[in-house]
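Trainee: So that you have it, the file is model.txt, and it contains compact mmCIF, C-alpha atoms and all ligand atoms:
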```txt
# COMPACT_ATOMS: atom_id res chain seq x y z
CA MET Y 1 0.00 0.00 0.00
CA THR Y 2 1.65 3.24 -1.04
CA GLN Y 3 0.88 6.68 0.29
CA VAL Y 4 0.41 9.48 -2.22
CA PRO Y 5 3.97 10.61 -2.94
CA SER Y 6 5.02 14.02 -1.80
CA ILE Y 7 4.39 16.74 -4.36
CA ALA Y 8 8.06 17.69 -4.30
CA GLU Y 9 9.57 14.33 -5.10
CA GLU Y 10 11.95 14.97 -7.97
CA LYS Y 11 14.23 12.46 -9.59
CA PRO Y 12 17.67 14.00 -9.12
CA THR Y 13 19.08 11.28 -11.38
CA THR Y 14 17.37 12.76 -14.44
CA SER Y 15 20.16 14.16 -16.57
CA LEU Y 16 20.38 17.89 -17.17
CA SER Y 17 22.02 17.82 -20.58
CA SER Y 18 20.44 14.91 -22.44
CA PRO Y 19 16.64 15.07 -22.27
CA LYS Y 20 14.74 11.83 -21.75
CA THR Y 21 11.59 10.98 -23.65
CA ALA Y 22 8.22 10.30 -22.10
CA THR Y 23 5.14 8.86 -23.74
CA LEU Y 24 2.29 11.25 -23.06
CA ARG Y 25 -1.14 9.57 -23.29
CA ILE Y 26 -3.91 12.13 -23.58
CA ALA Y 27 -7.57 11.19 -23.08
CA ARG Y 28 -9.70 12.47 -25.95
CA PHE Y 29 -13.46 12.71 -25.60
CA ASN Y 30 -16.07 15.03 -26.99
CA PRO Y 31 -19.47 14.34 -25.35
CA GLU Y 32 -21.24 15.80 -28.39
CA LYS Y 33 -19.64 13.41 -30.86
CA ASP Y 34 -17.85 10.50 -29.19
CA SER Y 35 -19.32 7.42 -27.58
CA GLU Y 36 -16.22 6.55 -25.59
CA ARG Y 37 -12.92 7.95 -24.41
CA LYS Y 38 -9.86 7.32 -26.59
CA PHE Y 39 -6.19 7.89 -25.85
CA MET Y 40 -3.68 9.56 -28.19
CA GLU Y 41 0.00 8.95 -27.59
CA PHE Y 42 2.87 11.37 -28.16
CA ASN Y 43 6.57 11.06 -27.48
CA ILE Y 44 7.76 14.18 -25.71
CA PRO Y 45 11.33 15.03 -24.69
CA TYR Y 46 11.55 16.23 -21.10
CA GLN Y 47 14.07 17.64 -18.67
CA ARG Y 48 14.11 17.35 -14.89
CA TRP Y 49 11.99 20.48 -14.57
CA THR Y 50 9.47 19.82 -17.39
CA THR Y 51 5.91 19.89 -16.08
CA VAL Y 52 3.04 17.80 -17.39
CA LEU Y 53 1.34 21.04 -18.54
CA GLU Y 54 4.42 21.97 -20.57
CA ALA Y 55 4.34 18.52 -22.20
CA ILE Y 56 0.66 18.96 -23.10
CA LEU Y 57 1.36 22.42 -24.52
CA GLU Y 58 4.21 20.89 -26.55
CA VAL Y 59 1.66 18.52 -28.07
CA LYS Y 60 -0.68 21.43 -28.84
CA LYS Y 61 2.12 23.40 -30.43
CA HIS Y 62 3.73 20.71 -32.58
CA PHE Y 63 1.33 17.79 -33.02
CA ASP Y 64 -2.33 18.48 -32.39
CA HIS Y 65 -3.60 21.92 -31.46
CA SER Y 66 -7.14 20.60 -30.92
CA VAL Y 67 -6.36 19.04 -27.50
CA ALA Y 68 -8.68 20.82 -25.04
CA VAL Y 69 -6.98 21.81 -21.79
CA ARG Y 70 -7.64 24.65 -19.36
CA TYR Y 71 -4.73 26.55 -17.85
CA SER Y 72 -3.68 30.07 -17.04
CA CYS Y 73 -1.07 30.94 -14.41
CA ARG Y 74 1.29 27.94 -14.81
CA GLN Y 75 2.29 28.37 -11.16
CA ALA Y 76 -0.33 26.58 -9.04
CA THR Y 77 -2.24 29.77 -8.35
CA CYS Y 78 -5.28 29.95 -10.61
CA GLY Y 79 -6.55 26.39 -10.05
CA SER Y 80 -7.33 25.82 -13.75
CA CYS Y 81 -5.19 22.85 -14.71
CA GLY Y 82 -6.44 20.06 -12.43
CA MET Y 83 -6.54 16.66 -14.12
CA ILE Y 84 -5.93 13.00 -13.39
CA ILE Y 85 -2.24 12.32 -13.94
CA ASN Y 86 -1.21 8.67 -13.74
CA GLY Y 87 -4.37 7.84 -11.81
CA LYS Y 88 -4.39 10.67 -9.26
CA PRO Y 89 -5.79 14.20 -9.29
CA ARG Y 90 -2.97 16.74 -9.60
CA LEU Y 91 -2.25 20.17 -11.04
CA ALA Y 92 -0.55 19.72 -14.43
CA CYS Y 93 1.53 22.88 -13.93
CA PHE Y 94 2.69 21.72 -10.49
CA THR Y 95 3.60 18.15 -11.45
CA LYS Y 96 6.98 17.48 -12.96
CA ILE Y 97 7.27 14.44 -15.22
CA SER Y 98 10.45 13.50 -13.34
CA GLU Y 99 8.55 13.12 -10.06
CA LEU Y 100 6.09 10.61 -11.52
CA GLU Y 101 8.76 7.90 -11.70
CA SER Y 102 7.38 6.65 -14.98
CA ASP Y 103 8.16 7.40 -18.61
CA VAL Y 104 4.51 6.89 -19.47
CA VAL Y 105 2.34 9.81 -18.41
CA THR Y 106 -1.42 9.35 -18.75
CA VAL Y 107 -3.59 12.44 -18.45
CA GLU Y 108 -7.39 12.29 -18.11
CA PRO Y 109 -10.07 14.78 -17.11
CA MET Y 110 -10.82 15.10 -13.38
CA ASN Y 111 -13.31 12.55 -12.08
CA ASN Y 112 -16.68 13.68 -10.72
CA PHE Y 113 -16.78 16.73 -13.00
CA PRO Y 114 -18.79 16.75 -16.26
CA ILE Y 115 -16.50 16.81 -19.29
CA ILE Y 116 -16.55 19.71 -21.74
CA ARG Y 117 -13.94 18.12 -24.00
CA ASP Y 118 -10.74 16.11 -23.52
CA LEU Y 119 -9.12 17.44 -20.31
CA ALA Y 120 -11.42 20.43 -19.74
CA VAL Y 121 -14.26 19.92 -17.24
CA ARG Y 122 -17.22 21.96 -16.02
CA PHE Y 123 -16.83 23.80 -12.73
CA GLU Y 124 -20.40 25.07 -12.37
CA ARG Y 125 -21.29 22.65 -9.56
CA LEU Y 126 -18.15 23.42 -7.59
CA PHE Y 127 -18.79 27.15 -7.84
CA GLU Y 128 -22.47 26.71 -6.94
CA SER Y 129 -21.55 24.75 -3.80
CA HIS Y 130 -18.85 27.28 -2.97
CA HIS Y 131 -21.33 30.11 -3.34
CA LYS Y 132 -23.96 28.27 -1.29
CA ILE Y 133 -21.86 28.28 1.90
CA LYS Y 134 -21.60 32.11 1.79
CA PRO Y 135 -17.87 32.52 1.15
CA TYR Y 136 -17.56 36.00 2.59
CA LEU Y 137 -17.43 37.63 6.01
CA ILE Y 138 -20.85 38.11 7.58
CA ASN Y 139 -20.71 40.97 10.01
CA ASP Y 140 -23.23 43.79 10.41
CA ASP Y 141 -20.59 46.01 11.90
CA SER Y 142 -19.10 47.21 8.62
CA GLU Y 143 -15.60 48.62 8.48
CA ILE Y 144 -16.93 51.96 7.29
CA SER Y 145 -19.37 52.59 10.13
CA SER Y 146 -17.02 51.34 12.85
CA ASN Y 147 -14.75 53.74 14.72
CA GLU Y 148 -11.82 51.57 13.86
CA LYS Y 149 -10.71 51.39 10.26
CA GLU Y 150 -9.96 47.66 10.37
CA PHE Y 151 -11.03 44.56 12.22
CA LEU Y 152 -7.97 43.76 14.28
CA GLN Y 153 -6.88 40.15 14.67
CA THR Y 154 -4.13 38.57 16.70
CA PRO Y 155 -1.65 36.27 14.91
CA GLU Y 156 -3.29 33.36 16.77
CA GLU Y 157 -6.71 34.31 15.37
CA VAL Y 158 -5.26 34.44 11.86
CA GLU Y 159 -3.69 30.98 12.31
CA GLN Y 160 -7.18 29.54 12.84
CA TYR Y 161 -8.24 30.09 9.24
CA ILE Y 162 -5.24 31.16 7.12
CA GLN Y 163 -4.52 27.60 5.95
CA PHE Y 164 -8.06 27.24 4.60
CA SER Y 165 -7.89 30.54 2.77
CA ASN Y 166 -5.16 29.05 0.54
CA CYS Y 167 -7.82 27.26 -1.53
CA ILE Y 168 -7.48 27.97 -5.26
CA LYS Y 169 -10.73 26.16 -6.23
CA CYS Y 170 -8.90 23.66 -8.38
CA GLY Y 171 -11.37 20.87 -7.53
CA LEU Y 172 -8.75 18.14 -6.97
CA CYS Y 173 -10.29 17.39 -3.57
CA ASN Y 174 -13.76 16.90 -5.07
CA SER Y 175 -12.23 14.65 -7.71
CA ALA Y 176 -10.58 12.37 -5.10
CA CYS Y 177 -13.57 12.27 -2.71
CA PRO Y 178 -15.27 8.84 -2.48
CA THR Y 179 -18.65 10.42 -1.70
CA MET Y 180 -18.50 12.68 -4.76
CA ALA Y 181 -17.86 9.51 -6.81
CA THR Y 182 -21.50 8.51 -6.37
CA ASP Y 183 -23.33 11.63 -5.16
CA SER Y 184 -23.07 14.68 -7.40
CA SER Y 185 -25.40 16.63 -5.05
CA PHE Y 186 -22.89 16.34 -2.18
CA VAL Y 187 -21.66 19.78 -1.22
CA GLY Y 188 -18.08 18.46 -1.41
CA PRO Y 189 -14.81 18.95 0.49
CA GLN Y 190 -13.93 22.20 -1.30
CA ALA Y 191 -17.07 24.04 -0.16
CA LEU Y 192 -17.06 22.47 3.31
CA ALA Y 193 -13.45 23.54 3.87
CA GLN Y 194 -14.43 27.06 2.84
CA ALA Y 195 -17.39 27.01 5.22
CA TYR Y 196 -14.88 26.30 7.99
CA ARG Y 197 -12.53 29.02 6.71
CA TYR Y 198 -15.21 31.66 7.42
CA VAL Y 199 -16.63 30.06 10.56
CA ALA Y 200 -13.10 30.05 12.07
CA ASP Y 201 -12.52 33.72 11.26
CA SER Y 202 -12.90 35.88 14.38
CA ARG Y 203 -14.37 38.72 12.26
CA ASP Y 204 -17.23 36.55 11.01
CA LYS Y 205 -20.65 36.20 12.63
CA GLY Y 206 -22.23 33.78 10.16
CA LYS Y 207 -21.47 30.49 11.90
CA ASP Y 208 -25.07 29.51 12.64
CA SER Y 209 -26.35 30.25 9.14
CA ARG Y 210 -23.50 28.28 7.54
CA LEU Y 211 -23.95 25.31 9.88
CA LYS Y 212 -27.64 25.29 8.91
CA ILE Y 213 -26.75 25.20 5.20
CA ILE Y 214 -24.41 22.22 5.52
CA ASP Y 215 -26.61 20.29 7.99
CA GLU Y 216 -28.70 18.55 5.32
CA SER Y 217 -28.94 15.19 3.58
CA HIS Y 218 -26.29 15.96 0.93
CA GLY Y 219 -24.31 18.07 3.35
CA ILE Y 220 -21.57 17.45 5.87
CA TRP Y 221 -22.92 14.11 7.14
CA ARG Y 222 -22.01 12.49 3.81
CA CYS Y 223 -18.31 12.92 4.64
CA HIS Y 224 -16.84 9.71 6.10
CA PHE Y 225 -13.39 11.10 6.84
CA ALA Y 226 -11.57 9.08 4.17
CA GLY Y 227 -9.12 12.00 3.92
CA SER Y 228 -8.31 11.64 0.19
CA CYS Y 229 -9.21 15.32 -0.31
CA SER Y 230 -6.38 16.37 2.00
CA GLN Y 231 -3.92 13.98 0.39
CA VAL Y 232 -4.35 15.50 -3.07
CA CYS Y 233 -4.72 19.19 -2.15
CA PRO Y 234 -1.81 21.06 -3.79
CA LYS Y 235 -2.05 24.06 -1.45
CA GLY Y 236 -2.02 22.41 1.99
CA VAL Y 237 -5.62 23.34 2.75
CA ASP Y 238 -6.36 19.98 4.45
CA PRO Y 239 -10.14 20.02 3.82
CA ALA Y 240 -10.61 16.86 5.95
CA MET Y 241 -9.40 18.75 9.03
CA GLY Y 242 -11.74 21.69 8.42
CA ILE Y 243 -14.70 19.38 7.81
CA GLN Y 244 -14.16 17.46 11.07
CA PHE Y 245 -13.87 20.75 12.99
CA LEU Y 246 -17.12 21.93 11.42
CA ARG Y 247 -18.82 18.67 12.36
CA GLY Y 248 -17.39 19.09 15.85
CA TYR Y 249 -19.59 22.22 16.18
CA LEU Y 250 -22.68 20.31 15.05
CA LEU Y 251 -21.96 17.35 17.36
CA GLY Y 252 -21.25 19.56 20.35
CA PHE Y 253 -17.51 18.73 20.59
CA ARG Y 254 -16.70 22.39 19.92
CA SER Y 255 -18.47 25.63 20.69
CA MET G 1 -26.79 14.40 -19.12
CA LYS G 2 -25.53 10.86 -19.89
CA PRO G 3 -23.69 9.12 -17.02
CA GLN G 4 -20.56 9.12 -19.18
CA ASP G 5 -20.70 12.91 -19.56
CA GLU G 6 -21.22 13.26 -15.80
CA ASN G 7 -17.85 11.53 -15.44
CA LYS G 8 -18.56 10.35 -11.90
CA GLU G 9 -16.24 7.60 -10.75
CA GLY G 10 -19.17 5.54 -9.46
CA ILE G 11 -19.11 2.74 -6.91
CA GLY G 12 -15.94 1.26 -8.46
CA GLY G 13 -14.08 4.50 -7.72
CA MET G 14 -15.66 4.87 -4.30
CA ILE G 15 -14.50 1.46 -3.07
CA ASN G 16 -11.13 1.34 -4.86
CA PRO G 17 -8.63 0.84 -1.98
CA ARG G 18 -5.47 1.07 -4.09
CA ARG G 19 -5.11 4.86 -4.02
CA TYR G 20 -4.76 7.41 -1.23
CA GLY G 21 -3.20 5.14 1.38
CA ILE G 22 -4.42 3.01 4.26
CA GLU G 23 -7.28 5.47 4.97
CA ARG G 24 -9.11 4.27 1.86
CA VAL G 25 -8.56 0.62 2.89
CA ALA G 26 -10.18 1.47 6.23
CA TYR G 27 -12.98 3.26 4.38
CA LEU G 28 -13.70 0.13 2.30
CA LEU G 29 -13.44 -2.28 5.26
CA MET G 30 -15.76 -0.05 7.31
CA ARG G 31 -18.39 -0.18 4.58
CA LEU G 32 -18.05 -3.93 4.00
CA SER G 33 -18.11 -4.77 7.71
CA GLY G 34 -21.14 -2.50 8.22
CA LEU G 35 -23.07 -4.25 5.46
CA GLY G 36 -21.86 -7.67 6.67
CA LEU G 37 -23.00 -6.97 10.23
CA LEU G 38 -26.38 -5.79 8.98
CA ALA G 39 -26.76 -9.04 7.01
CA TYR G 40 -25.69 -11.03 10.08
CA PHE G 41 -28.19 -9.15 12.25
CA ILE G 42 -31.05 -10.04 9.91
CA GLY G 43 -29.83 -13.67 9.72
CA HIS G 44 -29.53 -13.75 13.50
CA ILE G 45 -33.16 -12.67 13.94
CA TYR G 46 -34.20 -15.40 11.49
CA GLU G 47 -32.04 -17.94 13.32
CA THR G 48 -33.42 -17.15 16.78
CA SER G 49 -36.96 -17.19 15.41
CA SER G 50 -36.46 -20.94 14.80
CA ILE G 51 -37.14 -21.40 18.52
CA LEU G 52 -40.81 -21.04 17.58
CA LYS G 53 -40.48 -24.46 15.91
CA GLY G 54 -39.72 -26.00 19.29
CA GLN G 55 -36.56 -27.53 20.73
CA VAL G 56 -35.92 -29.82 17.76
CA GLY G 57 -36.07 -26.98 15.26
CA TRP G 58 -33.82 -24.85 17.46
CA ASN G 59 -31.24 -27.63 17.88
CA GLU G 60 -31.27 -28.37 14.17
CA PHE G 61 -30.51 -24.76 13.41
CA LEU G 62 -27.79 -24.58 16.05
CA ASP G 63 -26.12 -27.63 14.48
CA LEU G 64 -25.60 -25.55 11.33
CA THR G 65 -23.23 -23.29 13.24
CA GLN G 66 -21.19 -26.31 14.38
CA THR G 67 -20.00 -27.08 10.83
CA ASN G 68 -16.72 -25.81 9.35
CA GLU G 69 -18.68 -23.34 7.22
CA GLY G 70 -20.59 -22.16 10.30
CA HIS G 71 -17.33 -21.65 12.21
CA ALA G 72 -15.79 -19.73 9.32
CA LEU G 73 -18.86 -17.51 9.09
CA LEU G 74 -18.86 -16.76 12.81
CA ALA G 75 -15.10 -16.04 12.73
CA ILE G 76 -15.69 -13.48 9.96
CA VAL G 77 -18.54 -11.95 11.98
CA ILE G 78 -16.22 -11.60 15.00
CA ALA G 79 -13.58 -9.88 12.82
CA MET G 80 -16.15 -7.53 11.28
CA CYS G 81 -17.55 -6.68 14.69
CA VAL G 82 -14.14 -5.85 16.20
CA PHE G 83 -12.92 -3.88 13.18
CA HIS G 84 -16.15 -1.90 12.92
CA THR G 85 -16.09 -1.04 16.63
CA VAL G 86 -12.43 -0.04 16.91
CA ASN G 87 -12.31 1.86 13.61
CA GLY G 88 -15.73 3.34 14.42
CA ILE G 89 -14.35 4.85 17.63
CA ARG G 90 -11.44 6.32 15.66
CA VAL G 91 -13.76 7.79 13.02
CA MET G 92 -16.21 9.13 15.62
CA LEU G 93 -13.43 10.92 17.48
CA GLY G 94 -12.15 12.28 14.16
CA HIS G 95 -15.66 13.46 13.28
CA GLY G 96 -15.67 15.49 16.46
CA GLY G 97 -12.37 17.09 15.46
CA VAL G 98 -10.32 15.00 17.93
CA GLY G 99 -6.81 14.00 16.80
CA VAL G 100 -7.02 15.69 13.40
CA GLY G 101 -4.23 18.19 14.06
CA LYS G 102 -4.27 21.95 14.53
CA PRO G 103 -4.72 24.62 11.85
CA SER G 104 -1.43 26.33 11.00
CA ARG G 105 0.30 28.07 8.13
CA PRO G 106 0.95 25.25 5.68
CA ASP G 107 4.53 24.67 4.62
CA TYR G 108 5.62 23.08 1.38
CA PRO G 109 5.33 20.12 0.66
CA TYR G 110 2.07 20.39 2.58
CA ASP G 111 1.71 17.10 4.43
CA PRO G 112 -1.87 17.17 5.71
CA ALA G 113 -2.03 17.19 9.51
CA SER G 114 -5.37 15.35 9.56
CA GLN G 115 -3.76 12.30 7.92
CA ASN G 116 -1.48 11.79 10.89
CA MET G 117 0.17 8.81 12.57
CA LYS G 118 -2.45 8.63 15.35
CA HIS G 119 -5.15 7.77 12.83
CA LYS G 120 -2.91 5.39 10.89
CA ILE G 121 -2.06 3.55 14.13
CA GLY G 122 -5.81 3.47 14.91
CA ILE G 123 -6.49 1.79 11.56
CA TYR G 124 -3.69 -0.76 11.88
CA SER G 125 -4.79 -1.50 15.48
CA ALA G 126 -8.35 -2.15 14.29
CA ILE G 127 -7.07 -4.60 11.65
CA VAL G 128 -4.70 -6.40 14.06
CA LEU G 129 -7.32 -6.62 16.85
CA ALA G 130 -9.87 -7.98 14.39
CA ALA G 131 -7.40 -10.67 13.28
CA ILE G 132 -6.55 -11.62 16.91
CA ALA G 133 -10.24 -11.78 17.88
CA MET G 134 -10.97 -13.93 14.84
CA MET G 135 -8.19 -16.39 15.73
CA TYR G 136 -9.30 -16.50 19.37
CA GLY G 137 -12.87 -17.16 18.23
CA LEU G 138 -11.72 -20.02 15.99
CA ALA G 139 -9.68 -21.50 18.85
CA VAL G 140 -12.75 -21.42 21.13
CA MET G 141 -15.03 -22.86 18.43
CA TYR G 142 -12.67 -25.72 17.70
CA GLY G 143 -12.24 -26.29 21.44
CA GLU G 144 -8.48 -25.64 21.61
S1 LIG Y 301 -9.17 22.54 -0.98
FE1 LIG Y 301 -7.23 22.16 -2.06
S2 LIG Y 301 -7.75 20.60 -3.59
FE2 LIG Y 301 -9.69 21.46 -2.88
S3 LIG Y 301 -10.17 23.08 -4.35
FE3 LIG Y 301 -9.07 24.05 -2.65
S4 LIG Y 301 -6.91 24.04 -3.27
FE4 LIG Y 301 -7.97 22.59 -4.63
S1 LIG Y 302 -2.24 26.78 -14.66
FE1 LIG Y 302 -2.91 27.84 -12.89
S2 LIG Y 302 -2.93 26.28 -11.40
FE2 LIG Y 302 -2.04 25.27 -13.09
```
Turn this file's structure into structure tokens for me.
Ligand code: SF4
Ligand code: FES

Mentor:
Amino acid sequence: MTQVPSIAEEKPTTSLSSPKTATLRIARFNPEKDSERKFMEFNIPYQRWTTVLEAILEVKKHFDHSVAVRYSCRQATCGSCGMIINGKPRLACFTKISELESDVVTVEPMNNFPIIRDLAVRFERLFESHHKIKPYLINDDSEISSNEKEFLQTPEEVEQYIQFSNCIKCGLCNSACPTMATDSSFVGPQALAQAYRYVADSRDKGKDSRLKIIDESHGIWRCHFAGSCSQVCPKGVDPAMGIQFLRGYLLGFRS
Amino acid sequence: MKPQDENKEGIGGMINPRRYGIERVAYLLMRLSGLGLLAYFIGHIYETSSILKGQVGWNEFLDLTQTNEGHALLAIVIAMCVFHTVNGIRVMLGHGGVGVGKPSRPDYPYDPASQNMKHKIGIYSAIVLAAIAMMYGLAVMYGE
């Protein structure tokens, strides 16, 4: 049984001067035309630092520009390039081919997200769930009407939520979640972690209304603490931790 | 939308224990043992209802549990019961936010605090205790 390898595991043995070649297998599927997913294979030279996204862009540039892939920042910030790489959800721009320990790299669209085409998936449901948990500070005492210009927080108060505010909405956690695999109405680890992010913020007063939103049949109770969301998160958000803390409020373990 | 377009992993993906570490093995065993215990509970009610057929009917039914197959079945029930209880306590504590780590500024390479050694030890303990209880049960059943 192997644990998900650390994101940073490079192969220092990969030579700097003579590039190796990897076989990149790209899943092709257009729901409007195709009846099943097919794989196209390309041989791509790579260096120690070549990312999977760079390899896909190489294919688009030199072999087949019709490959559909979503990306933007190329630095694990925008959350656009999530996909299944060699069986696990990862960011293509944050995954070096050398760390995969295989010269065959298979890329597929993220699971549990409807496919637009090839590697690009629909994010509507993720954004709907995110929006549903009220991802903003709820506080009647606005900064403008208050005597103080800012809501002051101690470093300890910031520590309570700062980790959860790292979320880039990439959806990798929802793709790895075993509940999402069968229940597309489940609110999902991404939105639940964000509910905790605001509940844990000392400036926020919306705890009760958020707990009410997630306390429903497709809400927090569908989480069984499998923890796969936390294992694949590329930003260290640890949604499983936030979800259990949230449930702690509902079960009376926390106040 | 066709199921294929939905791209959900389905039950096969939900129960696949080969990714994401021992936690997903525990997740699968918890589900299987829960369903197994439910099936045993229903069978047990049926079994005890045979007392309505009088002493002969009751003894006949009890004899079924004295076979090798009956012993194997009961040994599996013991294992399921112990695993489900011990892992259930671990999961319940986790659900209350106990032992899942403390929020902090995440540092690269972002090892998740909730997937910590305490929970892994809890899972391995549940598996080992289930195996010991199963062997003890077999020893008792075979009169060792
Ligand atoms: S919690 Fe992590 S994996 Fe999930 S959407 Fe946010 S950054 Fe991505
Ligand atoms: S391209 Fe922005 S996260 Fe990968």

Trainee: Around ligand LIG 301 (chain Y), at most 7 Å away and counting only C-alpha atoms and all ligand atoms, which residues are there? Put them as a list in words, please.

Mentor: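 After applying the 7 Å limit, what remains is Gly79, Asn166, Cys167, Ile168, Lys169, Cys170, Gly171, Leu172, Cys173, Asn174, Pro189, Gln190, Ala193, Cys229, Val232, Cys233, Pro234, Lys235, Gly236, Val237, Asp238 and Pro239 of chain Y.
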
Trainee: Starting from chain Y, keep only residues with some atom at most 6 Å from an atom of chain G, counting all atoms listed in the file, and report them as a list in words.

Mentor: Thr2, Gln3, Val4, Asn111, Asn112, Phe113, Pro114, Ile115, Glu159, Gln160, Gln163, Pro178, Ala181, Thr182, Ala226, Ser228, Ser230, Gly236, Asp238, Met241, Gln244, Phe245, Gly248 and Phe253 of chain Y

Trainee: For the residues selected in the previous step, produce a file with C-alpha atoms as a compact mmCIF listing (two decimals), in the frame of the given file.

Mentor:
```
# COMPACT_ATOMS: atom_id res chain seq x y z
CA THR Y 2 1.65 3.24 -1.04
CA GLN Y 3 0.88 6.68 0.29
CA VAL Y 4 0.41 9.48 -2.22
CA ASN Y 111 -13.31 12.55 -12.08
CA ASN Y 112 -16.68 13.68 -10.72
CA PHE Y 113 -16.78 16.73 -13.00
CA PRO Y 114 -18.79 16.75 -16.26
CA ILE Y 115 -16.50 16.81 -19.29
CA GLU Y 159 -3.69 30.98 12.31
CA GLN Y 160 -7.18 29.54 12.84
CA GLN Y 163 -4.52 27.60 5.95
CA PRO Y 178 -15.27 8.84 -2.48
CA ALA Y 181 -17.86 9.51 -6.81
CA THR Y 182 -21.50 8.51 -6.37
CA ALA Y 226 -11.57 9.08 4.17
CA SER Y 228 -8.31 11.64 0.19
CA SER Y 230 -6.38 16.37 2.00
CA GLY Y 236 -2.02 22.41 1.99
CA ASP Y 238 -6.36 19.98 4.45
CA MET Y 241 -9.40 18.75 9.03
CA GLN Y 244 -14.16 17.46 11.07
CA PHE Y 245 -13.87 20.75 12.99
CA GLY Y 248 -17.39 19.09 15.85
CA PHE Y 253 -17.51 18.73 20.59
```

Trainee: Distance limit 6 Å, reference ligand LIG 302 (chain Y), atoms considered: all atoms listed in the file. Which residues make the cut? Give them as a tab-separated table (two decimals) with C-alpha atoms, in the coordinates of the input.

Mentor:
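Okay, this is what ended up in part_32.tsv:
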```
chain	number	residue	atom	x	y	z
Y	71	TYR	CA	-4.73	26.55	-17.85
Y	72	SER	CA	-3.68	30.07	-17.04
Y	73	CYS	CA	-1.07	30.94	-14.41
Y	74	ARG	CA	1.29	27.94	-14.81
Y	75	GLN	CA	2.29	28.37	-11.16
Y	76	ALA	CA	-0.33	26.58	-9.04
Y	77	THR	CA	-2.24	29.77	-8.35
Y	78	CYS	CA	-5.28	29.95	-10.61
Y	79	GLY	CA	-6.55	26.39	-10.05
Y	80	SER	CA	-7.33	25.82	-13.75
Y	81	CYS	CA	-5.19	22.85	-14.71
Y	91	LEU	CA	-2.25	20.17	-11.04
Y	92	ALA	CA	-0.55	19.72	-14.43
Y	93	CYS	CA	1.53	22.88	-13.93
```

Trainee: Which residues are close to Ile44 in chain Y, i.e. within 9 Å by only C-alpha atoms, leaving aside same-chain residues fewer than 3 positions away? Reply as a list of chain:residue names.

Mentor: Y:Lys20, Y:Thr21, Y:Ala22, Y:Thr23, Y:Leu24, Y:Ala55, Y:Ile56, Y:Glu58, Y:Val59

Trainee: Skipping near chain neighbours, those fewer than 6 positions away, what residues fall within 6 Å of Ala120 in chain Y using only C-alpha atoms, listed as a compact mmCIF listing (two decimals) with C-alpha atoms, in the frame of the given file?

Mentor:
```txt
# COMPACT_ATOMS: atom_id res chain seq x y z
CA ALA Y 68 -8.68 20.82 -25.04
CA VAL Y 69 -6.98 21.81 -21.79
CA ARG Y 70 -7.64 24.65 -19.36
```

Trainee: For range 125-141 of chain Y, work out the shell of residues within 8 Å, counting all atoms listed in the file and skipping chain neighbours fewer than 3 positions away, then give it as a PyMOL selection string.

Mentor: chain Y and resi 122+145-146+171+187-188+190-192+194-195+198+203-206+210+213-214

Trainee: List the spatial neighbours of Ile78 in chain G as a list in words - criterion: any atom at most 9 Å away, only C-alpha atoms, same-chain residues fewer than 2 positions off excluded.

Mentor: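 Near Ile78 in chain G, the qualifying residues are Leu73, Leu74, Ala75, Ile76, Met80, Cys81, Val82, Phe83, Ala130, Ala133, Met134 and Gly137 of chain G.
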
Trainee: Could you work out how far CA of Pro109 in chain Y lies from CA of Gly227 in chain Y, giving the answer in Å with one decimal?

Mentor: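 The value is 21.2 Å.
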
Trainee: Work out how far apart CA of Thr51 in chain Y and CA of Ile116 in chain Y are and give it in Å to one decimal.

Mentor: 23.2 Å

Trainee: As a PDB file with C-alpha atoms, in the frame of the given file, please: the residues near range 121-125 of chain G (cut-off 7 Å, only C-alpha atoms, same-chain neighbours under 3 positions excluded).

Mentor:
```
ATOM      1  CA  ALA G  26     -10.180   1.470   6.230  1.00  0.00           C
ATOM      2  CA  ASN G  87     -12.310   1.860  13.610  1.00  0.00           C
ATOM      3  CA  ARG G  90     -11.440   6.320  15.660  1.00  0.00           C
ATOM      4  CA  MET G 117       0.170   8.810  12.570  1.00  0.00           C
ATOM      5  CA  LYS G 118      -2.450   8.630  15.350  1.00  0.00           C
ATOM      6  CA  VAL G 128      -4.700  -6.400  14.060  1.00  0.00           C
ATOM      7  CA  LEU G 129      -7.320  -6.620  16.850  1.00  0.00           C
TER       8      LEU G 129
END
```

Trainee: Rounded to one decimal, what separation in Å do you get between CA of Tyr46 in chain Y and CA of Asp103 in chain Y?

Mentor: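 According to the coordinates, CA of Tyr46 in chain Y and CA of Asp103 in chain Y are separated by 9.8 Å.
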